[in-house]
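With mmCIF, C-alpha atoms, pLDDT in the B column; chains and numbers go by the auth columns inside, this is start-v3.cif:
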```
data_final
loop_
_atom_site.group_PDB
_atom_site.id
_atom_site.type_symbol
_atom_site.label_atom_id
_atom_site.label_comp_id
_atom_site.label_asym_id
_atom_site.label_seq_id
_atom_site.Cartn_x
_atom_site.Cartn_y
_atom_site.Cartn_z
_atom_site.B_iso_or_equiv
_atom_site.auth_seq_id
_atom_site.auth_asym_id
ATOM 1 C CA MET A 1 -24.823 -59.189 -32.660 48.00 21 A
ATOM 2 C CA GLY A 2 -24.961 -62.847 -31.680 56.00 22 A
ATOM 3 C CA ARG A 3 -28.495 -62.974 -33.054 55.00 23 A
ATOM 4 C CA LEU A 4 -27.243 -62.323 -36.580 57.00 24 A
ATOM 5 C CA ILE A 5 -24.999 -65.383 -36.458 60.00 25 A
ATOM 6 C CA ASP A 6 -27.573 -67.657 -34.816 63.00 26 A
ATOM 7 C CA ALA A 7 -30.521 -66.540 -36.949 57.00 27 A
ATOM 8 C CA ASP A 8 -31.869 -69.588 -38.769 67.00 28 A
ATOM 9 C CA GLU A 9 -35.273 -68.325 -39.825 74.00 29 A
ATOM 10 C CA PRO A 10 -35.362 -66.056 -42.885 81.00 30 A
ATOM 11 C CA GLU A 11 -37.676 -63.640 -41.034 83.00 31 A
ATOM 12 C CA GLU A 12 -35.183 -63.439 -38.189 82.00 32 A
ATOM 13 C CA LYS A 13 -32.348 -62.645 -40.565 82.00 33 A
ATOM 14 C CA LEU A 14 -34.491 -60.029 -42.275 87.00 34 A
ATOM 15 C CA SER A 15 -35.484 -58.294 -39.045 89.00 35 A
ATOM 16 C CA ALA A 16 -31.896 -58.440 -37.796 88.00 36 A
ATOM 17 C CA SER A 17 -30.557 -56.841 -40.965 90.00 37 A
ATOM 18 C CA ARG A 18 -33.305 -54.202 -40.817 92.00 38 A
ATOM 19 C CA TRP A 19 -32.292 -53.464 -37.236 91.00 39 A
ATOM 20 C CA VAL A 20 -28.634 -53.100 -38.231 91.00 40 A
ATOM 21 C CA THR A 21 -29.574 -50.888 -41.188 92.00 41 A
ATOM 22 C CA ALA A 22 -31.702 -48.675 -38.964 92.00 42 A
ATOM 23 C CA TRP A 23 -28.876 -48.371 -36.450 92.00 43 A
ATOM 24 C CA SER A 24 -26.182 -47.573 -38.990 93.00 44 A
ATOM 25 C CA GLY A 25 -28.515 -45.077 -40.646 94.00 45 A
ATOM 26 C CA ALA A 26 -29.106 -43.309 -37.326 94.00 46 A
ATOM 27 C CA ILE A 27 -25.374 -43.245 -36.592 94.00 47 A
ATOM 28 C CA GLY A 28 -24.690 -41.914 -40.091 94.00 48 A
ATOM 29 C CA GLU A 29 -27.220 -39.117 -39.631 94.00 49 A
ATOM 30 C CA LEU A 30 -25.640 -38.129 -36.318 95.00 50 A
ATOM 31 C CA ARG A 31 -22.194 -38.088 -37.930 96.00 51 A
ATOM 32 C CA ILE A 32 -23.437 -35.933 -40.822 95.00 52 A
ATOM 33 C CA ALA A 33 -25.077 -33.506 -38.379 95.00 53 A
ATOM 34 C CA GLN A 34 -21.814 -33.336 -36.446 96.00 54 A
ATOM 35 C CA LEU A 35 -19.790 -32.622 -39.598 96.00 55 A
ATOM 36 C CA VAL A 36 -22.241 -29.929 -40.710 96.00 56 A
ATOM 37 C CA ALA A 37 -22.095 -28.296 -37.274 96.00 57 A
ATOM 38 C CA GLU A 38 -18.280 -28.360 -37.354 96.00 58 A
ATOM 39 C CA ARG A 39 -18.220 -26.816 -40.819 95.00 59 A
ATOM 40 C CA ASN A 40 -20.694 -24.110 -39.825 93.00 60 A
ATOM 41 C CA SER A 41 -18.708 -23.194 -36.714 92.00 61 A
ATOM 42 C CA SER A 42 -15.437 -23.030 -38.669 91.00 62 A
ATOM 43 C CA GLU A 43 -17.072 -20.743 -41.254 86.00 63 A
ATOM 44 C CA LEU A 44 -18.316 -18.461 -38.479 85.00 64 A
ATOM 45 C CA SER A 45 -14.889 -18.185 -36.863 80.00 65 A
ATOM 46 C CA SER A 46 -13.040 -17.358 -40.106 68.00 66 A
#
```

Would you kindly transcribe this structure into structure tokens?
Amino acid sequence: MGRLIDADEPEEKLSASRWVTAWSGAIGELRIAQLVAERNSSELSS
């Protein structure tokens, strides 16, 4: 995360923000998959 603060070049800032977006998107997808799996298992048990 230090790179975001120290990034002076516009390209560096752009690639850093793309990297963060990609990461948060991947984490979001994992979380959604987890929630869907939880919902499916609770529907099966009821």

Checklist entry - What is the atom CA of A:Asn60 to atom CA of A:Ala42 distance in Å? => result 26.9 Å

Checklist entry - Mind pulling up the distance from atom CA of A:Ala46 to atom CA of A:Ser65? => result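 Separation between atom CA of A:Ser65 and atom CA of A:Ala46: 28.9 Å.
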
Checklist entry - What does the distance from atom CA of A:Glu49 to atom CA of A:Leu34 come to in Å, to one decimal? => result 22.3 Å
